[in-house]
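Contents: one structure, followed by commentary.
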Amino acid sequence: SLLFYTCIFFFQYFTHTHQRRAEDIFQCEEEGALQNANPEKVSARAKKRGSSQLGTLGAGNHYCEIQVVDKIFDQSAASAMNLTPDQIVIMVHSGSRGLGHQIATDSILTIDSDTACTDTTSVPNRELSCTRIQSEAGQSYLQAMACAGNFAWANRTYLHHLIRQAFAQVFTTTPDDLDMHLVYDVSHNIAKVEQHTVDGYPRTLLVHRKGATRSFPPFHPAVPVRQCSRSLRSAAPTHVCVLLVFLPRLRMHVLHSSQVAYQSVGQPVLVGGSMGTNSFVMVGTDTAMAETFGTTCHGAGRAVSRHSSHSLVHHDELVQRLQGQGVTVCTACPKALVEEAPEVYKDVSEVVQVCHDAGLSKLVARTRPLVVIKG
């Protein structure tokens with residue numbers, strides 16, 4: 001249990017030990033802590049799996065990318081995030097690791113044996129198992145899932161710290177002097193209780209975003225308002241992505257001149273690409289709130305299964321091709337690298353354009369990968 005109480009208050013700990021910027025907490029969805037988390041609903045096995053994985057990327061499509069901003073679509077929103085052309089940014093995609101996976105496994109077993117939802121029809125896959133929200137099994141799952149969400153935020157916060165330390169070491173300076181600030185941290189596999197309008201009436205709903213991400217519009221109460229500090233350094237902004245920005249000192253005077261806030265432009269939406277392809281920064285919209293419960297895409301989605309990718313892509317050829325594009329790849333699992341090749345995913349540029357044209361999210365900036373670190 002201590003592990004999860006630690007995760008819930010992880011942000012406060014990092015503030016007091018100067019390992020996290022104080023303003024980062026306001027740049028995280030839910031300020032990095034779901035309040036309905038109950039560690040008693042998490043199995044000992046799940047806790048054990050998570051205990052050694054704090055501050056790790058994980059395998060699959062999780063990554064840490066050093067990117068460069070190569071196009072601005074919306075200058076106003078980009079300015080609110082302090083994104084400028086040719087700027088170096090770091091995008092991180094990681095989650096609750098084995099802890100979250102074990103919570104899901106445990107919950108599926110529990111729900112399979114649950115008799116509270118007697119009218120549940122058979123499902124073609126055990127991972128589609130379901131139960132009523134207000135049932136004992138349903139409430140236990142939501143409380144355990146909230147623990148996984150808090151662990152994921154804590155995990156990414158520690159990754160932010162390690163990234164800042166690594167850059168400071170390379171440039172023989174301090175993290176503060178580098179001015180690396182959090183733009184936003186948003187989830188894309190989570191279920192949360194939210195208020196939405198349905199048929200003209202306010203309703204309390206459990207919104208399940210699987211392979212999707214939150215896209216709240218300007219002036220929504222959950223969109224952060226960033227207060228500029230009196231000091232020049234603290235005036236800079238902060239970030240399932242996560243996006244960290246690297247701000248050259250010579251630009252800092254611009255940030256001191258005005259009080260910028262996401263309230264006026266909408267919640268940042270981070271859409272990661274695949275190795276060798278662009279990623280995108282977008283903002284939420286009123287259309288998304290009205291039509292998709294404040295939801296948009298979080299990535300392109302796979303076009304080829306992981307198994308089939310091994311017969312389609314060869315590791316050495318993939319690495320050489322990426323190097324030819326100016327992309328350096330580092331991975332702890334070379335065999336799994338082909339499963340994340342650009343050609344096994346749909347075209348992320350087309351996906352974000354469709355969401356932009358449909359009004360579900362609005363394009364702000366495009367980034368290009370320089371260095372890809374895979375777990």
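Following the order of the structure tokens, first chain is A, next is B, and so on, with residues numbered from 1 inside each chain and ligands from 1 in the order they appear.
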Phe293 in chain A surroundings by only C-alpha atoms, 10 Å radius, close-in-sequence under 3 positions cut, as a compact mmCIF listing (two decimals) with N, CA and C atoms, in the first residue's frame:
```
# COMPACT_ATOMS: atom_id res chain seq x y z
N GLU A 194 -16.70 11.94 -15.73
CA GLU A 194 -16.70 13.32 -16.22
C GLU A 194 -18.13 13.82 -16.41
N GLN A 195 -18.27 15.13 -16.49
CA GLN A 195 -19.56 15.76 -16.75
C GLN A 195 -19.66 16.12 -18.23
N HIS A 196 -20.74 15.65 -18.88
CA HIS A 196 -20.96 15.95 -20.29
C HIS A 196 -22.43 16.25 -20.52
N THR A 197 -22.72 16.92 -21.62
CA THR A 197 -24.09 17.23 -22.00
C THR A 197 -24.59 16.19 -22.98
N VAL A 198 -25.70 15.54 -22.66
CA VAL A 198 -26.30 14.52 -23.52
C VAL A 198 -27.75 14.89 -23.76
N LEU A 205 -20.90 10.81 -16.55
CA LEU A 205 -20.58 9.64 -17.37
C LEU A 205 -19.21 9.08 -17.01
N VAL A 207 -16.26 7.95 -18.96
CA VAL A 207 -15.74 8.03 -20.33
C VAL A 207 -14.50 7.14 -20.43
N HIS A 208 -14.59 6.15 -21.29
CA HIS A 208 -13.49 5.18 -21.47
C HIS A 208 -12.72 5.55 -22.74
N ARG A 209 -11.48 5.97 -22.56
CA ARG A 209 -10.64 6.33 -23.71
C ARG A 209 -9.57 5.25 -23.89
N ARG A 214 -7.83 12.65 -24.32
CA ARG A 214 -8.73 13.74 -23.96
C ARG A 214 -8.47 14.96 -24.84
N SER A 215 -9.54 15.67 -25.20
CA SER A 215 -9.43 16.83 -26.09
C SER A 215 -10.40 17.91 -25.64
N PHE A 216 -10.14 18.48 -24.46
CA PHE A 216 -11.05 19.47 -23.88
C PHE A 216 -10.83 20.85 -24.51
N ASP A 286 -14.40 22.59 -28.94
CA ASP A 286 -15.80 22.49 -28.53
C ASP A 286 -16.52 21.38 -29.29
N THR A 287 -16.13 21.17 -30.55
CA THR A 287 -16.75 20.10 -31.34
C THR A 287 -16.51 18.74 -30.72
N ALA A 288 -15.29 18.51 -30.26
CA ALA A 288 -14.99 17.24 -29.60
C ALA A 288 -15.84 17.07 -28.35
N MET A 289 -16.03 18.16 -27.62
CA MET A 289 -16.82 18.09 -26.40
C MET A 289 -18.28 17.73 -26.71
N ALA A 290 -18.78 18.24 -27.83
CA ALA A 290 -20.18 18.02 -28.19
C ALA A 290 -20.41 16.67 -28.87
N THR A 296 -10.27 12.67 -28.84
CA THR A 296 -9.72 12.61 -30.19
C THR A 296 -8.70 11.48 -30.26
N LEU A 360 -12.33 17.63 -34.20
CA LEU A 360 -12.14 16.94 -32.92
C LEU A 360 -10.90 17.41 -32.18
```
Selected residue, from A:Thr84, A:Thr331, A:Ser79, A:Ser361, that lies nearest to Pro218 in chain A when counting only C-alpha atoms: A:Ser361
Nearby residues (only C-alpha atoms) at most 10 Å from range 96-109 of chain A, same-chain spacing under 4 positions excluded, as a ChimeraX atom specification: /A:41-59,62,113-114,126-131,137-138,140-142,144-156
N, CA and C atoms of the current selection, written as a tab-separated table (two decimals), in the first residue's frame:
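Final output, part_30.tsv:
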```tsv
chain	number	residue	atom	x	y	z
A	41	LYS	N	-7.09	-2.26	-3.25
A	41	LYS	CA	-7.70	-3.00	-4.36
A	41	LYS	C	-6.65	-3.53	-5.34
A	42	VAL	N	-5.39	-3.30	-5.04
A	42	VAL	CA	-4.30	-3.73	-5.92
A	42	VAL	C	-3.62	-4.94	-5.30
A	43	SER	N	-3.42	-5.99	-6.09
A	43	SER	CA	-2.84	-7.22	-5.57
A	43	SER	C	-1.37	-7.06	-5.22
A	44	ALA	N	-0.89	-7.94	-4.37
A	44	ALA	CA	0.53	-7.91	-3.99
A	44	ALA	C	1.42	-8.17	-5.19
A	45	ARG	N	0.96	-9.01	-6.11
A	45	ARG	CA	1.76	-9.29	-7.31
A	45	ARG	C	1.90	-8.03	-8.17
A	46	ALA	N	0.80	-7.28	-8.32
A	46	ALA	CA	0.86	-6.05	-9.11
A	46	ALA	C	1.82	-5.05	-8.48
A	47	LYS	N	1.76	-4.93	-7.16
A	47	LYS	CA	2.65	-4.00	-6.46
A	47	LYS	C	4.11	-4.42	-6.62
A	48	LYS	N	4.35	-5.72	-6.56
A	48	LYS	CA	5.72	-6.21	-6.71
A	48	LYS	C	6.24	-5.92	-8.10
A	49	ARG	N	5.40	-6.10	-9.11
A	49	ARG	CA	5.84	-5.84	-10.49
A	49	ARG	C	6.16	-4.36	-10.69
A	50	GLY	N	5.39	-3.50	-10.03
A	50	GLY	CA	5.62	-2.07	-10.20
A	50	GLY	C	6.77	-1.51	-9.39
A	51	SER	N	7.11	-2.20	-8.31
A	51	SER	CA	8.09	-1.65	-7.37
A	51	SER	C	9.46	-1.42	-7.98
A	52	SER	N	9.82	-2.19	-9.00
A	52	SER	CA	11.14	-2.06	-9.61
A	52	SER	C	11.10	-1.34	-10.96
A	53	GLN	N	9.92	-0.83	-11.35
A	53	GLN	CA	9.78	-0.28	-12.69
A	53	GLN	C	9.53	1.22	-12.72
A	54	LEU	N	9.60	1.88	-11.58
A	54	LEU	CA	9.42	3.33	-11.56
A	54	LEU	C	10.60	4.00	-12.27
A	55	GLY	N	10.29	4.86	-13.22
A	55	GLY	CA	11.34	5.53	-13.98
A	55	GLY	C	11.83	4.74	-15.17
A	56	THR	N	10.98	3.87	-15.72
A	56	THR	CA	11.35	3.06	-16.89
A	56	THR	C	10.35	3.26	-18.01
A	57	LEU	N	10.83	3.10	-19.25
A	57	LEU	CA	9.97	3.30	-20.42
A	57	LEU	C	9.04	2.13	-20.66
A	58	GLY	N	9.58	0.92	-20.66
A	58	GLY	CA	8.80	-0.24	-21.04
A	58	GLY	C	8.97	-0.54	-22.52
A	59	ALA	N	8.48	-1.70	-22.94
A	59	ALA	CA	8.67	-2.15	-24.31
A	59	ALA	C	7.50	-1.72	-25.20
A	62	HIS	N	6.32	2.17	-26.48
A	62	HIS	CA	6.78	3.19	-25.54
A	62	HIS	C	8.13	3.72	-25.99
A	113	SER	N	-15.76	-13.98	-12.96
A	113	SER	CA	-16.48	-14.75	-11.94
A	113	SER	C	-17.55	-13.93	-11.23
A	114	ASP	N	-17.75	-12.68	-11.67
A	114	ASP	CA	-18.71	-11.80	-11.00
A	114	ASP	C	-20.13	-12.18	-11.41
A	126	ARG	N	-11.91	-12.54	-23.88
A	126	ARG	CA	-11.96	-12.33	-22.44
A	126	ARG	C	-11.60	-10.90	-22.06
A	127	GLU	N	-10.77	-10.24	-22.88
A	127	GLU	CA	-10.37	-8.87	-22.57
A	127	GLU	C	-11.51	-7.87	-22.79
A	128	LEU	N	-12.63	-8.36	-23.33
A	128	LEU	CA	-13.83	-7.52	-23.46
A	128	LEU	C	-14.80	-7.76	-22.31
A	129	SER	N	-14.38	-8.51	-21.32
A	129	SER	CA	-15.23	-8.78	-20.16
A	129	SER	C	-15.69	-7.47	-19.52
A	130	CYS	N	-16.91	-7.47	-19.00
A	130	CYS	CA	-17.45	-6.23	-18.44
A	130	CYS	C	-18.32	-6.53	-17.22
A	131	THR	N	-18.59	-5.48	-16.47
A	131	THR	CA	-19.49	-5.57	-15.33
A	131	THR	C	-20.10	-4.20	-15.10
A	137	ALA	N	-17.37	-5.41	-8.13
A	137	ALA	CA	-16.24	-5.65	-9.03
A	137	ALA	C	-15.92	-4.40	-9.85
A	138	GLY	N	-16.97	-3.69	-10.27
A	138	GLY	CA	-16.75	-2.48	-11.06
A	138	GLY	C	-16.06	-1.39	-10.27
A	140	SER	N	-14.23	-1.81	-7.56
A	140	SER	CA	-12.88	-2.25	-7.22
A	140	SER	C	-11.93	-2.01	-8.38
A	141	TYR	N	-12.42	-2.30	-9.59
A	141	TYR	CA	-11.56	-2.08	-10.76
A	141	TYR	C	-11.23	-0.61	-10.93
A	142	LEU	N	-12.22	0.27	-10.82
A	142	LEU	CA	-11.98	1.70	-11.01
A	142	LEU	C	-10.99	2.24	-9.98
A	144	ALA	N	-8.64	0.46	-8.46
A	144	ALA	CA	-7.32	-0.09	-8.79
A	144	ALA	C	-6.75	0.59	-10.02
A	145	MET	N	-7.60	0.85	-11.01
A	145	MET	CA	-7.16	1.53	-12.23
A	145	MET	C	-6.64	2.93	-11.91
A	146	ALA	N	-7.28	3.61	-10.96
A	146	ALA	CA	-6.81	4.94	-10.56
A	146	ALA	C	-5.41	4.85	-9.95
A	147	CYS	N	-5.14	3.77	-9.22
A	147	CYS	CA	-3.78	3.55	-8.70
A	147	CYS	C	-2.79	3.42	-9.85
A	148	ALA	N	-3.19	2.69	-10.89
A	148	ALA	CA	-2.32	2.52	-12.06
A	148	ALA	C	-2.07	3.86	-12.73
A	149	GLY	N	-3.13	4.68	-12.82
A	149	GLY	CA	-2.97	6.01	-13.41
A	149	GLY	C	-2.00	6.87	-12.62
A	150	ASN	N	-2.11	6.83	-11.30
A	150	ASN	CA	-1.19	7.61	-10.45
A	150	ASN	C	0.24	7.10	-10.57
A	151	PHE	N	0.38	5.78	-10.67
A	151	PHE	CA	1.72	5.22	-10.85
A	151	PHE	C	2.31	5.68	-12.18
A	152	ALA	N	1.48	5.73	-13.22
A	152	ALA	CA	1.96	6.17	-14.54
A	152	ALA	C	2.43	7.62	-14.50
A	153	TRP	N	1.69	8.49	-13.82
A	153	TRP	CA	2.12	9.89	-13.71
A	153	TRP	C	3.42	10.00	-12.91
A	154	ALA	N	3.51	9.21	-11.85
A	154	ALA	CA	4.74	9.21	-11.06
A	154	ALA	C	5.91	8.69	-11.89
A	155	ASN	N	5.66	7.66	-12.67
A	155	ASN	CA	6.69	7.09	-13.53
A	155	ASN	C	7.21	8.11	-14.53
A	156	ARG	N	6.30	8.82	-15.18
A	156	ARG	CA	6.72	9.82	-16.17
A	156	ARG	C	7.41	11.00	-15.50
```
Non-local contacts of Cys330 in chain A (8 Å; only C-alpha atoms; under 6 positions in same chain excluded) as a PyMOL selection string: chain A and resi 371-374
Backbone DSSP call of strand (DSSP E or B) for range 63-153 of chain A, listed as an MDAnalysis selection string: chainID A and resid 63:72 88:93
Selection from above, N, CA and C atoms, as an mmCIF file, in the first residue's frame, can you write it?
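For reference, result_0.cif as written:
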```cif
data_model
loop_
_atom_site.group_PDB
_atom_site.id
_atom_site.type_symbol
_atom_site.label_atom_id
_atom_site.label_comp_id
_atom_site.auth_asym_id
_atom_site.auth_seq_id
_atom_site.Cartn_x
_atom_site.Cartn_y
_atom_site.Cartn_z
ATOM 1 N N TYR A 63 8.354 5.007 -25.762
ATOM 2 C CA TYR A 63 9.583 5.607 -26.273
ATOM 3 C C TYR A 63 9.902 6.913 -25.568
ATOM 4 N N CYS A 64 11.123 7.346 -25.759
ATOM 5 C CA CYS A 64 11.553 8.709 -25.443
ATOM 6 C C CYS A 64 12.217 9.236 -26.705
ATOM 7 N N GLU A 65 11.680 10.300 -27.273
ATOM 8 C CA GLU A 65 12.209 10.848 -28.522
ATOM 9 C C GLU A 65 12.714 12.267 -28.330
ATOM 10 N N ILE A 66 13.893 12.528 -28.863
ATOM 11 C CA ILE A 66 14.361 13.904 -29.013
ATOM 12 C C ILE A 66 13.890 14.360 -30.386
ATOM 13 N N GLN A 67 13.112 15.422 -30.420
ATOM 14 C CA GLN A 67 12.492 15.882 -31.658
ATOM 15 C C GLN A 67 12.823 17.348 -31.908
ATOM 16 N N VAL A 68 12.530 17.791 -33.118
ATOM 17 C CA VAL A 68 12.666 19.195 -33.464
ATOM 18 C C VAL A 68 11.341 19.674 -34.047
ATOM 19 N N VAL A 69 10.905 20.850 -33.660
ATOM 20 C CA VAL A 69 9.676 21.437 -34.208
ATOM 21 C C VAL A 69 9.970 21.904 -35.630
ATOM 22 N N ASP A 70 9.287 21.327 -36.613
ATOM 23 C CA ASP A 70 9.588 21.705 -37.998
ATOM 24 C C ASP A 70 8.444 22.415 -38.712
ATOM 25 N N LYS A 71 7.284 22.572 -38.023
ATOM 26 C CA LYS A 71 6.198 23.343 -38.636
ATOM 27 C C LYS A 71 5.233 23.820 -37.561
ATOM 28 N N ILE A 72 4.784 25.054 -37.697
ATOM 29 C CA ILE A 72 3.772 25.631 -36.810
ATOM 30 C C ILE A 72 2.496 25.853 -37.612
ATOM 31 N N ILE A 88 14.141 22.320 -30.001
ATOM 32 C CA ILE A 88 14.312 20.932 -29.571
ATOM 33 C C ILE A 88 13.293 20.611 -28.480
ATOM 34 N N VAL A 89 12.578 19.495 -28.642
ATOM 35 C CA VAL A 89 11.607 19.041 -27.644
ATOM 36 C C VAL A 89 11.839 17.557 -27.385
ATOM 37 N N ILE A 90 11.345 17.079 -26.269
ATOM 38 C CA ILE A 90 11.435 15.659 -25.924
ATOM 39 C C ILE A 90 10.028 15.151 -25.672
ATOM 40 N N MET A 91 9.638 14.094 -26.386
ATOM 41 C CA MET A 91 8.327 13.484 -26.192
ATOM 42 C C MET A 91 8.503 12.107 -25.565
ATOM 43 N N VAL A 92 7.750 11.859 -24.513
ATOM 44 C CA VAL A 92 7.841 10.597 -23.777
ATOM 45 C C VAL A 92 6.503 9.874 -23.837
ATOM 46 N N HIS A 93 6.556 8.584 -24.119
ATOM 47 C CA HIS A 93 5.359 7.750 -24.106
ATOM 48 C C HIS A 93 5.632 6.553 -23.198
#
```
Residues of range 70-302 of chain A in alpha helix (DSSP H), written as number ranges by chain: A: 75-80, 97-112, 136-170, 175-178, 252-255, 286-291
Residues within 12 Å of range 305-307 of chain A, only C-alpha atoms, excluding chain neighbours under 2 positions, as number ranges by chain: A: 60-61, 301-303, 309-313, 335-341, 343-346
One-decimal distance in Å that lies between CA of Val223 in chain A and CA of Asn278 in chain A: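 Atom-to-atom, CA of Asn278 in chain A to CA of Val223 in chain A, that is 25.5 Å.
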Gap from CA of Glu136 in chain A to CA of Cys28 in chain A - Å, one decimal: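 According to the coordinates, CA of Glu136 in chain A and CA of Cys28 in chain A are separated by 29.5 Å.
The interatomic distance for the pair CA of Gly211 in chain A and CA of Ala300 in chain A works out to 9.4 Å.
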Hey, which bits of range 297-318 of chain A sit within 12 Å of range 174-193 of chain A, and for each residue what's the closest pair of atoms and how far apart in Å (one decimal), counting only C-alpha atoms, rows by chain and increasing number, as JSON lines?
```
{"residue": "A:Cys297", "atom": "CA", "partner": "A:His188", "partner_atom": "CA", "distance": 8.7}
{"residue": "A:His298", "atom": "CA", "partner": "A:His188", "partner_atom": "CA", "distance": 6.5}
{"residue": "A:Gly299", "atom": "CA", "partner": "A:His188", "partner_atom": "CA", "distance": 9.5}
```
Expected file contents, prior selection, C-alpha atoms, as a CSV table (one decimal), in the first residue's frame:
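Full text of result-v6.csv as output:
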```
chain,number,residue,atom,x,y,z
A,297,CYS,CA,-7.0,10.3,-31.5
A,298,HIS,CA,-3.8,9.6,-29.6
A,299,GLY,CA,-1.8,8.1,-32.5
```
